[in-house]
There are 2 protein chains.
Amino acid sequence: MKIEFHTALQRLRTCEDVLILTHANPDGDTLGSGCALFWGLKKLGKRVKLLNSDPIPEKYQYLFRGLQNDVFEERYIISVDVADKALLGAALEESYGDRVDLSIDHHGTNRLFAKETYVESDAASASETVYLLLLSLGVTFCPEMADCLYTGVSTDTGCFRYSNVTARTHRIAADLIERGADHTAIDVAMFETKDMSFLRLQQKCLEALELYFDGRVSVLSVTRALLEETGCKDEDCDAIVALSRQIAGVQIGVTFKEKKDGTLKVSVRTHEGVDAAAICAVFGGGGHKRAAGCQFTCGKDEALRRMLPALECALAD
Amino acid sequence: MKIEFHTALQRLRTCEDVLILTHANPDGDTLGSGCALFWGLKKLGKRVKLLNSDPIPEKYQYLFRGLQNDVFEERYIISVDVADKALLGAALEESYGDRVDLSIDHHGTNRLFAKETYVESDAASASETVYLLLLSLGVTFCPEMADCLYTGVSTDTGCFRYSNVTARTHRIAADLIERGADHTAIDVAMFETKDMSFLRLQQKCLEALELYFDGRVSVLSVTRALLEETGCKDEDCDAIVALSRQIAGVQIGVTFKEKKDGTLKVSVRTHEGVDAAAICAVFGGGGHKRAAGCQFTCGKDEALRRMLPALECALAD
């Protein structure tokens with residue numbers, strides 16, 4: 001069931017012994033909003049812990065500075081930035097998938113898997129939504145919280161570049177900077193640092209770039225072999241995904257990434273006028289208008305063969 | 001002579017028949033702040049024209065929508081984002097270098113070449129400063145003005161990534177978005193579009209990347225031959241310059257660019273703790289703490305040989 005802002009606030013005020021769940025293959029927004037909520041609930045005197053199905057990538061470790069999971073039996077479960085229980089990842093889904101009390105999210109495609117869902121689909125990031133909730137709860141922001149929220153706000157907007165950015169996004173960023181967010185260090189780490197291994201990966205991907213429909217659709221592919229050959233990690237693929245849409249003339253960027261279990265994760269990025277979520281919905285996936293994803297168990301060539309008609313349709317709309 | 005904000009306002013209120021000068025090799029900030037000032041002065045009922053020594057790159061043409069130079073004999077000359085009269089470029093410097101009445105700028109290194117200078121060295125862009133002046137003049141912002149100012153604000157901060165960004169920068173961006181700046185289209189054009197020719201240039205540059213002092217200094221080099229081979233334009237070099245600092249471990253990124261006249265333009269980009277303007281000052285150049293430049297008439301190898309000791313010194317500080 002969807003709930004309103006004031007009801008979500010009421011739940012956060014009264015909940016006790018809280019478990020926060022974040023999505024698998026974690027990014028700056030699920031971890032940033034999750035850690036900020038962790039801080040906020042701690043400041044309200046509650047016991048809190050946060051879990052993720054996957055290991056936390058090195059680059060996001062700073063979000064956990066000063067935080068330590070309390071030890072207790074959870075009585076209230078909150079997910080942040082999780083649109084579907086399957087996105088919790090196998091480990092968390094099995095234990096908690098049907099037990100989430102409150103889902104705080106910004107995905108219009110949220111499947112309403114939780115008992116109650118507060119979804120703000122025009123927020124550029126879950127961190128925007130969590131910022132507003134924590135502000136209304138009267139929590140005093142420490143610089144660590146500001147760092148967490150700024151990380152979510154900046155990473156989910158490509159550092160304020162994407163079409164999901166609103167005037168509110170910038171005002172929140174301004175406020176977080178004034179509350180002590182070390183924005184320069186965060187932006188350098190998230191956006192302005194490229195390992196030579198990543199630059200090699202990028203080069204290899206571009207050499208194998210495929211273009212379709214007069215260059216309006218780009219297809220990039222990251223195999224396990226390529227990751228090993230270049231010494232890259234799974235999270236390095238995020239920047240490859242962003243690149244797929246940056247090529248001049250491209251309206252839809254598609255990136256195929258071979259997962260460790262051999263299945264295929266497809267990330268779709270679009271420019272104005274093409275709905276990425278609608279494309280991915282055809283294949284059981286979802287997301288936002290400009291950024292969405294889906295999964296395949298077949299190989300890349302077969303998956304691409306199946307997707308091409310949907311991509312062509314989306315262009316024609 | 002330096003003047004205060006209220007004096008600059010007074011000058012803008014009373015000036016008539018205004019020529020606006022922007023710097024050579026124009027970027028989004030000099031053109032964005034210049035065009036916004038053009039709009040503002042027009043709205044105050046004045047005759048205005050804007051000049052640049054160089055042709056306006058295609059990517060910035062949209063800034064001139066709705067603007068047309070009036071025909072008149074200039075009685076008041078304003079430069080925007082110009083730290084030194086030499087930066088006006090040969091054509092404008094010869095005619096107007098010693099006749100500038102008001103320099104509006106954000107470079108701490110401004111040489112005070114104008115009769116009066118209003119310099120706000122903690123502004124991330126000249127467009128921030130022009131925004132505040134136009135706001136105080138009571139000018140009604142149209143979406144075209146908002147586009148111009150947003151372009152300057154975003155391009156001079158690497159789209160809100162650089163250390164020059166303050167809370168005020170984000171608040172100004174928020175206000176410009178509400179006043180109609182088409183931020184998504186601007187960001188896509190400025191930051192999210194890479195021609196295949198640029199991607200080839202980037203690859204060639206990275207293949208020839210030099211690293212010094214345990215990888216803390218990177219050196220990239222763009223020759224005329226390389227630009228021709230890849231089909232790139234001079235302005236494509238800006239993203240190569242940004243790349244020089246993005247390589248993991250690099251504290252100082254140095255890019256050598258061969259100019260059309262055979263001389264060498266050197267761009268220096270640094271991370272926190274290394275003063276780019278101080279390095280370039282050794283060689284007669286200047287700029288900001290994180291981004292500065294200088295020129296050489298010798299070849300790249302000789303220029304690098306001369307710069308290396310200064311670069312090592314800057315690291316040791």
# chains A, B, ... in the order shown; residues from 1 in each chain; ligands from 1
call {"tool": "interface_residues", "arguments": {"of": "chain A", "to": "chain B", "cutoff": "6 Å", "atoms": "only C-alpha atoms", "output": "ChimeraX atom specification"}}
result
/A:161,163,167,170-171,174,177,184,187,192-195,246-248
call {"tool": "residues_around", "arguments": {"residues": "region 296-308 of chain B", "least_positions_apart": "3", "cutoff": "7 Å", "atoms": "only C-alpha atoms", "output": "list in words"}}
result
Phe256, Thr263, Leu264, Lys265, Leu311 and Glu312 of chain B
call {"tool": "write_last_selection", "arguments": {"atoms": "N, CA, C and O atoms", "output": "compact mmCIF listing (two decimals), in the first residue's frame"}}
result
# COMPACT_ATOMS: atom_id res chain seq x y z
N PHE B 256 49.79 19.37 -23.02
CA PHE B 256 50.45 20.23 -24.00
C PHE B 256 49.61 20.24 -25.27
O PHE B 256 49.31 19.18 -25.80
N THR B 263 52.93 27.53 -31.60
CA THR B 263 53.32 27.68 -30.20
C THR B 263 52.56 26.66 -29.35
O THR B 263 51.67 25.95 -29.84
N LEU B 264 52.93 26.61 -28.08
CA LEU B 264 52.44 25.56 -27.20
C LEU B 264 51.57 26.16 -26.10
O LEU B 264 51.99 27.09 -25.41
N LYS B 265 50.36 25.64 -25.94
CA LYS B 265 49.53 26.04 -24.81
C LYS B 265 49.57 24.91 -23.79
O LYS B 265 49.31 23.75 -24.14
N LEU B 311 57.12 21.24 -11.30
CA LEU B 311 56.07 20.28 -10.96
C LEU B 311 56.48 19.47 -9.73
O LEU B 311 55.68 19.24 -8.82
N GLU B 312 57.74 19.06 -9.69
CA GLU B 312 58.23 18.29 -8.55
C GLU B 312 58.15 19.13 -7.28
O GLU B 312 57.73 18.66 -6.22
call {"tool": "residues_around", "arguments": {"residues": "Gly34 (chain B)", "least_positions_apart": "3", "cutoff": "12 Å", "atoms": "only C-alpha atoms", "output": "VMD selection string"}}
result
chain B and resid 18 to 23 26 to 31 37 to 41 48 to 52 63 to 64 67 77 to 82 103 to 105 125 to 131 134 145 148 to 149 151 to 152
call {"tool": "select_by_dssp", "arguments": {"residues": "region 143-262 of chain B", "states": "strand (DSSP E or B)", "output": "list in words"}}
result
Lys194, Glu210, Leu211, Tyr212, Val217, Ser218, Val219, Leu220, Ser221, Val222, Ile247, Ile252, Gly253, Val254, Thr255, Phe256, Lys257 and Glu258 of chain B
call {"tool": "write_last_selection", "arguments": {"atoms": "all heavy atoms", "output": "CSV table (one decimal), in the first residue's frame"}}
result
chain,number,residue,atom,x,y,z
B,194,LYS,N,29.8,12.7,-26.8
B,194,LYS,CA,31.2,12.5,-27.3
B,194,LYS,C,31.2,12.0,-28.7
B,194,LYS,O,30.7,10.9,-28.9
B,194,LYS,CB,31.9,11.5,-26.3
B,194,LYS,CG,32.0,12.1,-24.9
B,194,LYS,CD,32.7,11.1,-23.9
B,194,LYS,CE,32.7,11.8,-22.6
B,194,LYS,NZ,33.4,11.0,-21.6
B,210,GLU,N,52.2,10.0,-20.5
B,210,GLU,CA,53.5,9.9,-19.7
B,210,GLU,C,53.2,10.1,-18.2
B,210,GLU,O,52.4,11.0,-17.9
B,210,GLU,CB,54.5,10.9,-20.2
B,210,GLU,CG,54.9,10.8,-21.6
B,210,GLU,CD,55.7,12.0,-22.1
B,210,GLU,OE1,56.7,12.4,-21.5
B,210,GLU,OE2,55.2,12.7,-23.0
B,211,LEU,N,53.8,9.4,-17.4
B,211,LEU,CA,53.6,9.6,-15.9
B,211,LEU,C,55.0,9.9,-15.3
B,211,LEU,O,56.0,9.3,-15.7
B,211,LEU,CB,53.0,8.3,-15.3
B,211,LEU,CG,51.5,8.0,-15.7
B,211,LEU,CD1,51.1,6.6,-15.1
B,211,LEU,CD2,50.6,9.1,-15.2
B,212,TYR,N,55.0,10.8,-14.3
B,212,TYR,CA,56.2,11.2,-13.7
B,212,TYR,C,56.0,11.2,-12.1
B,212,TYR,O,54.9,11.3,-11.7
B,212,TYR,CB,56.7,12.6,-14.1
B,212,TYR,CG,57.1,12.6,-15.6
B,212,TYR,CD1,56.1,12.9,-16.5
B,212,TYR,CD2,58.4,12.3,-16.0
B,212,TYR,CE1,56.5,13.0,-17.9
B,212,TYR,CE2,58.7,12.3,-17.3
B,212,TYR,CZ,57.8,12.7,-18.3
B,212,TYR,OH,58.1,12.7,-19.6
B,217,VAL,N,52.2,12.9,-11.5
B,217,VAL,CA,52.1,13.9,-12.6
B,217,VAL,C,51.8,13.1,-13.9
B,217,VAL,O,52.5,12.2,-14.2
B,217,VAL,CB,53.4,14.7,-12.7
B,217,VAL,CG1,53.3,15.6,-14.0
B,217,VAL,CG2,53.6,15.6,-11.5
B,218,SER,N,50.7,13.5,-14.6
B,218,SER,CA,50.4,12.9,-15.9
B,218,SER,C,50.7,14.0,-16.9
B,218,SER,O,50.5,15.2,-16.7
B,218,SER,CB,49.0,12.5,-15.9
B,218,SER,OG,48.1,13.6,-16.1
B,219,VAL,N,51.2,13.5,-18.1
B,219,VAL,CA,51.4,14.4,-19.2
B,219,VAL,C,50.7,13.9,-20.4
B,219,VAL,O,51.0,12.8,-20.9
B,219,VAL,CB,52.9,14.6,-19.5
B,219,VAL,CG1,53.2,15.5,-20.7
B,219,VAL,CG2,53.6,15.3,-18.2
B,220,LEU,N,49.9,14.7,-21.0
B,220,LEU,CA,49.2,14.3,-22.3
B,220,LEU,C,49.6,15.4,-23.3
B,220,LEU,O,49.9,16.5,-23.0
B,220,LEU,CB,47.7,14.4,-22.1
B,220,LEU,CG,47.1,13.3,-21.1
B,220,LEU,CD1,45.6,13.5,-20.9
B,220,LEU,CD2,47.3,11.9,-21.8
B,221,SER,N,49.6,15.0,-24.5
B,221,SER,CA,50.0,15.9,-25.6
B,221,SER,C,49.1,15.8,-26.8
B,221,SER,O,48.8,14.7,-27.3
B,221,SER,CB,51.5,15.5,-26.0
B,221,SER,OG,52.0,16.3,-26.9
B,222,VAL,N,48.7,17.0,-27.3
B,222,VAL,CA,47.8,17.0,-28.4
B,222,VAL,C,48.5,17.8,-29.5
B,222,VAL,O,48.7,19.0,-29.3
B,222,VAL,CB,46.4,17.7,-28.1
B,222,VAL,CG1,45.5,17.6,-29.4
B,222,VAL,CG2,45.8,17.0,-27.0
B,247,ILE,N,43.1,10.6,-13.9
B,247,ILE,CA,43.8,9.3,-13.8
B,247,ILE,C,44.1,9.0,-12.4
B,247,ILE,O,44.7,9.9,-11.7
B,247,ILE,CB,45.0,9.3,-14.8
B,247,ILE,CG1,44.5,9.4,-16.2
B,247,ILE,CG2,45.8,8.0,-14.6
B,247,ILE,CD1,45.5,10.0,-17.2
B,252,ILE,N,48.8,16.2,-10.4
B,252,ILE,CA,48.9,17.3,-11.4
B,252,ILE,C,48.7,16.7,-12.8
B,252,ILE,O,49.5,15.8,-13.1
B,252,ILE,CB,50.2,18.0,-11.3
B,252,ILE,CG1,50.6,18.4,-9.8
B,252,ILE,CG2,50.3,19.2,-12.2
B,252,ILE,CD1,52.0,19.0,-9.7
B,253,GLY,N,47.8,17.2,-13.5
B,253,GLY,CA,47.6,16.8,-14.9
B,253,GLY,C,48.1,17.9,-15.8
B,253,GLY,O,47.7,19.0,-15.6
B,254,VAL,N,49.0,17.6,-16.7
B,254,VAL,CA,49.5,18.6,-17.6
B,254,VAL,C,49.2,18.2,-19.0
B,254,VAL,O,49.4,17.1,-19.5
B,254,VAL,CB,51.1,18.7,-17.5
B,254,VAL,CG1,51.6,19.8,-18.4
B,254,VAL,CG2,51.5,19.0,-16.0
B,255,THR,N,48.6,19.1,-19.8
B,255,THR,CA,48.3,18.9,-21.2
B,255,THR,C,49.0,19.9,-22.1
B,255,THR,O,48.8,21.1,-21.9
B,255,THR,CB,46.8,18.9,-21.4
B,255,THR,OG1,46.1,18.1,-20.5
B,255,THR,CG2,46.5,18.5,-22.9
B,256,PHE,N,49.8,19.4,-23.0
B,256,PHE,CA,50.4,20.2,-24.0
B,256,PHE,C,49.6,20.2,-25.3
B,256,PHE,O,49.3,19.2,-25.8
B,256,PHE,CB,51.8,19.7,-24.3
B,256,PHE,CG,52.8,19.9,-23.2
B,256,PHE,CD1,53.0,18.8,-22.3
B,256,PHE,CD2,53.5,21.0,-23.0
B,256,PHE,CE1,53.9,19.0,-21.2
B,256,PHE,CE2,54.4,21.2,-22.0
B,256,PHE,CZ,54.6,20.2,-21.1
B,257,LYS,N,49.3,21.4,-25.7
B,257,LYS,CA,48.5,21.5,-26.9
B,257,LYS,C,49.2,22.4,-27.9
B,257,LYS,O,49.5,23.6,-27.6
B,257,LYS,CB,47.1,22.1,-26.6
B,257,LYS,CG,46.2,22.0,-27.8
B,257,LYS,CD,44.9,22.7,-27.5
B,257,LYS,CE,44.5,23.7,-28.6
B,257,LYS,NZ,43.6,24.7,-28.2
B,258,GLU,N,49.5,21.9,-29.1
B,258,GLU,CA,50.1,22.6,-30.1
B,258,GLU,C,49.1,23.5,-30.8
B,258,GLU,O,48.0,23.1,-31.3
B,258,GLU,CB,50.7,21.7,-31.2
B,258,GLU,CG,51.6,22.4,-32.2
B,258,GLU,CD,52.1,21.4,-33.3
B,258,GLU,OE1,51.9,20.1,-33.1
B,258,GLU,OE2,52.5,21.8,-34.3
call {"tool": "select_by_dssp", "arguments": {"residues": "region 3-234 of chain B", "states": "helix (DSSP H, G or I)", "output": "ChimeraX atom specification"}}
result
/B:5-14,28-43,58-64,85-88,90-96,126-136,143-155,167-178,183-191,196-207,224-230,234
call {"tool": "closest_residue", "arguments": {"among": "B:Leu44, B:Ala181, B:Ala277, B:Ala114", "to": "Arg290 (chain B)", "atoms": "only C-alpha atoms"}}
result
B:Ala277
call {"tool": "residues_around", "arguments": {"residues": "Thr117 (chain A)", "least_positions_apart": "2", "cutoff": "9 Å", "atoms": "only C-alpha atoms", "output": "ChimeraX atom specification"}}
result
/A:1-4,8,101-105,110,112-115,119
call {"tool": "atom_distance", "arguments": {"atom1": "CA of Val153 (chain B)", "atom2": "CA of Gly32 (chain B)"}}
result
8.4 Å
call {"tool": "residues_around", "arguments": {"residues": "Lys289 (chain B)", "least_positions_apart": "6", "cutoff": "12 Å", "atoms": "only C-alpha atoms", "output": "ChimeraX atom specification"}}
result
/B:107-109,121-122,124,162-164,252,268-281,314
call {"tool": "write_last_selection", "arguments": {"atoms": "N, CA, C and O atoms", "output": "mmCIF file, in the first residue's frame"}}
result
data_model
loop_
_atom_site.group_PDB
_atom_site.id
_atom_site.type_symbol
_atom_site.label_atom_id
_atom_site.label_comp_id
_atom_site.auth_asym_id
_atom_site.auth_seq_id
_atom_site.Cartn_x
_atom_site.Cartn_y
_atom_site.Cartn_z
ATOM 1 N N HIS B 107 38.723 35.683 -11.642
ATOM 2 C CA HIS B 107 40.089 35.178 -11.517
ATOM 3 C C HIS B 107 40.859 35.997 -10.479
ATOM 4 O O HIS B 107 41.042 37.211 -10.669
ATOM 5 N N GLY B 108 41.325 35.329 -9.446
ATOM 6 C CA GLY B 108 42.138 36.005 -8.438
ATOM 7 C C GLY B 108 43.396 36.610 -9.047
ATOM 8 O O GLY B 108 43.977 37.545 -8.492
ATOM 9 N N THR B 109 43.793 36.075 -10.205
ATOM 10 C CA THR B 109 45.014 36.548 -10.867
ATOM 11 C C THR B 109 44.753 37.707 -11.836
ATOM 12 O O THR B 109 45.631 38.066 -12.606
ATOM 13 N N SER B 121 36.761 36.596 -6.568
ATOM 14 C CA SER B 121 37.631 35.441 -6.803
ATOM 15 C C SER B 121 37.098 34.152 -6.179
ATOM 16 O O SER B 121 37.596 33.071 -6.481
ATOM 17 N N ASP B 122 36.095 34.253 -5.323
ATOM 18 C CA ASP B 122 35.530 33.003 -4.793
ATOM 19 C C ASP B 122 34.285 32.551 -5.572
ATOM 20 O O ASP B 122 33.655 31.553 -5.211
ATOM 21 N N ALA B 124 32.660 30.622 -8.566
ATOM 22 C CA ALA B 124 33.124 29.486 -9.356
ATOM 23 C C ALA B 124 33.181 29.832 -10.843
ATOM 24 O O ALA B 124 33.883 29.183 -11.605
ATOM 25 N N TYR B 162 33.862 20.409 -9.556
ATOM 26 C CA TYR B 162 35.164 20.912 -9.138
ATOM 27 C C TYR B 162 35.098 21.555 -7.754
ATOM 28 O O TYR B 162 34.033 21.860 -7.228
ATOM 29 N N SER B 163 36.286 21.797 -7.201
ATOM 30 C CA SER B 163 36.359 22.300 -5.823
ATOM 31 C C SER B 163 35.936 23.759 -5.731
ATOM 32 O O SER B 163 35.749 24.274 -4.630
ATOM 33 N N ASN B 164 35.756 24.438 -6.868
ATOM 34 C CA ASN B 164 35.291 25.827 -6.815
ATOM 35 C C ASN B 164 33.792 25.928 -6.519
ATOM 36 O O ASN B 164 33.289 27.014 -6.246
ATOM 37 N N ILE B 252 48.778 16.165 -10.377
ATOM 38 C CA ILE B 252 48.877 17.264 -11.351
ATOM 39 C C ILE B 252 48.744 16.686 -12.755
ATOM 40 O O ILE B 252 49.508 15.796 -13.133
ATOM 41 N N VAL B 268 47.235 23.158 -16.926
ATOM 42 C CA VAL B 268 47.587 22.427 -15.704
ATOM 43 C C VAL B 268 46.341 22.281 -14.840
ATOM 44 O O VAL B 268 45.629 23.255 -14.583
ATOM 45 N N ARG B 269 46.044 21.047 -14.432
ATOM 46 C CA ARG B 269 44.910 20.788 -13.554
ATOM 47 C C ARG B 269 45.424 20.047 -12.326
ATOM 48 O O ARG B 269 46.206 19.101 -12.462
ATOM 49 N N THR B 270 45.002 20.466 -11.144
ATOM 50 C CA THR B 270 45.525 19.844 -9.927
ATOM 51 C C THR B 270 44.408 19.411 -8.995
ATOM 52 O O THR B 270 43.268 19.882 -9.096
ATOM 53 N N HIS B 271 44.738 18.524 -8.101
ATOM 54 C CA HIS B 271 43.838 18.180 -7.001
ATOM 55 C C HIS B 271 44.233 19.003 -5.771
ATOM 56 O O HIS B 271 45.310 19.614 -5.726
ATOM 57 N N GLU B 272 43.340 19.011 -4.789
ATOM 58 C CA GLU B 272 43.554 19.654 -3.485
ATOM 59 C C GLU B 272 45.024 19.567 -3.046
ATOM 60 O O GLU B 272 45.623 18.496 -3.096
ATOM 61 N N GLY B 273 45.572 20.697 -2.633
ATOM 62 C CA GLY B 273 46.920 20.668 -2.085
ATOM 63 C C GLY B 273 48.003 21.078 -3.065
ATOM 64 O O GLY B 273 49.148 21.288 -2.662
ATOM 65 N N VAL B 274 47.674 21.201 -4.340
ATOM 66 C CA VAL B 274 48.667 21.655 -5.324
ATOM 67 C C VAL B 274 48.093 22.859 -6.075
ATOM 68 O O VAL B 274 46.988 22.790 -6.615
ATOM 69 N N ASP B 275 48.870 23.956 -6.081
ATOM 70 C CA ASP B 275 48.388 25.220 -6.641
ATOM 71 C C ASP B 275 48.781 25.337 -8.115
ATOM 72 O O ASP B 275 49.941 25.600 -8.444
ATOM 73 N N ALA B 276 47.809 25.140 -9.005
ATOM 74 C CA ALA B 276 48.072 25.180 -10.453
ATOM 75 C C ALA B 276 48.506 26.584 -10.887
ATOM 76 O O ALA B 276 49.402 26.731 -11.727
ATOM 77 N N ALA B 277 47.874 27.620 -10.330
ATOM 78 C CA ALA B 277 48.207 28.992 -10.723
ATOM 79 C C ALA B 277 49.654 29.302 -10.370
ATOM 80 O O ALA B 277 50.356 29.977 -11.135
ATOM 81 N N ALA B 278 50.125 28.798 -9.218
ATOM 82 C CA ALA B 278 51.514 29.053 -8.804
ATOM 83 C C ALA B 278 52.497 28.385 -9.763
ATOM 84 O O ALA B 278 53.532 28.963 -10.109
ATOM 85 N N ILE B 279 52.168 27.160 -10.199
ATOM 86 C CA ILE B 279 53.045 26.461 -11.157
ATOM 87 C C ILE B 279 53.126 27.275 -12.450
ATOM 88 O O ILE B 279 54.215 27.533 -12.971
ATOM 89 N N CYS B 280 51.972 27.703 -12.962
ATOM 90 C CA CYS B 280 51.955 28.402 -14.243
ATOM 91 C C CYS B 280 52.572 29.798 -14.143
ATOM 92 O O CYS B 280 53.122 30.313 -15.115
ATOM 93 N N ALA B 281 52.477 30.403 -12.948
ATOM 94 C CA ALA B 281 53.053 31.739 -12.755
ATOM 95 C C ALA B 281 54.562 31.717 -13.007
ATOM 96 O O ALA B 281 55.131 32.689 -13.517
ATOM 97 N N ALA B 314 56.121 21.576 -6.650
ATOM 98 C CA ALA B 314 54.716 21.773 -6.266
ATOM 99 C C ALA B 314 54.190 20.547 -5.527
ATOM 100 O O ALA B 314 53.395 20.664 -4.591
#
call {"tool": "closest_residue", "arguments": {"among": "B:Ser53, B:Cys35, B:Lys46, B:Leu88", "to": "Arg65 (chain B)", "atoms": "only C-alpha atoms"}}
result
B:Cys35
call {"tool": "atom_distance", "arguments": {"atom1": "CA of Lys260 (chain B)", "atom2": "CA of Arg224 (chain B)"}}
result
7.2 Å
call {"tool": "decode", "arguments": {"residues": "region 79-98 of chain B", "atoms": "C-alpha atoms", "output": "compact mmCIF listing (two decimals), in the first residue's frame"}}
result
# COMPACT_ATOMS: atom_id res chain seq x y z
CA SER B 79 35.16 42.58 -20.44
CA VAL B 80 33.83 39.42 -18.81
CA ASP B 81 35.91 36.47 -17.58
CA VAL B 82 39.10 38.07 -18.92
CA ALA B 83 42.01 38.07 -16.45
CA ASP B 84 44.52 39.86 -18.69
CA LYS B 85 44.25 41.96 -21.82
CA ALA B 86 46.46 39.47 -23.69
CA LEU B 87 43.67 36.91 -23.22
CA LEU B 88 41.39 39.06 -25.40
CA GLY B 89 43.33 37.66 -28.35
CA ALA B 90 45.39 39.64 -30.84
CA ALA B 91 42.52 41.30 -32.71
CA LEU B 92 40.62 42.60 -29.68
CA GLU B 93 43.74 43.39 -27.64
CA GLU B 94 45.12 45.72 -30.27
CA SER B 95 41.89 47.67 -30.63
CA TYR B 96 40.57 47.61 -27.09
CA GLY B 97 43.24 46.21 -24.72
CA ASP B 98 43.91 49.59 -23.10
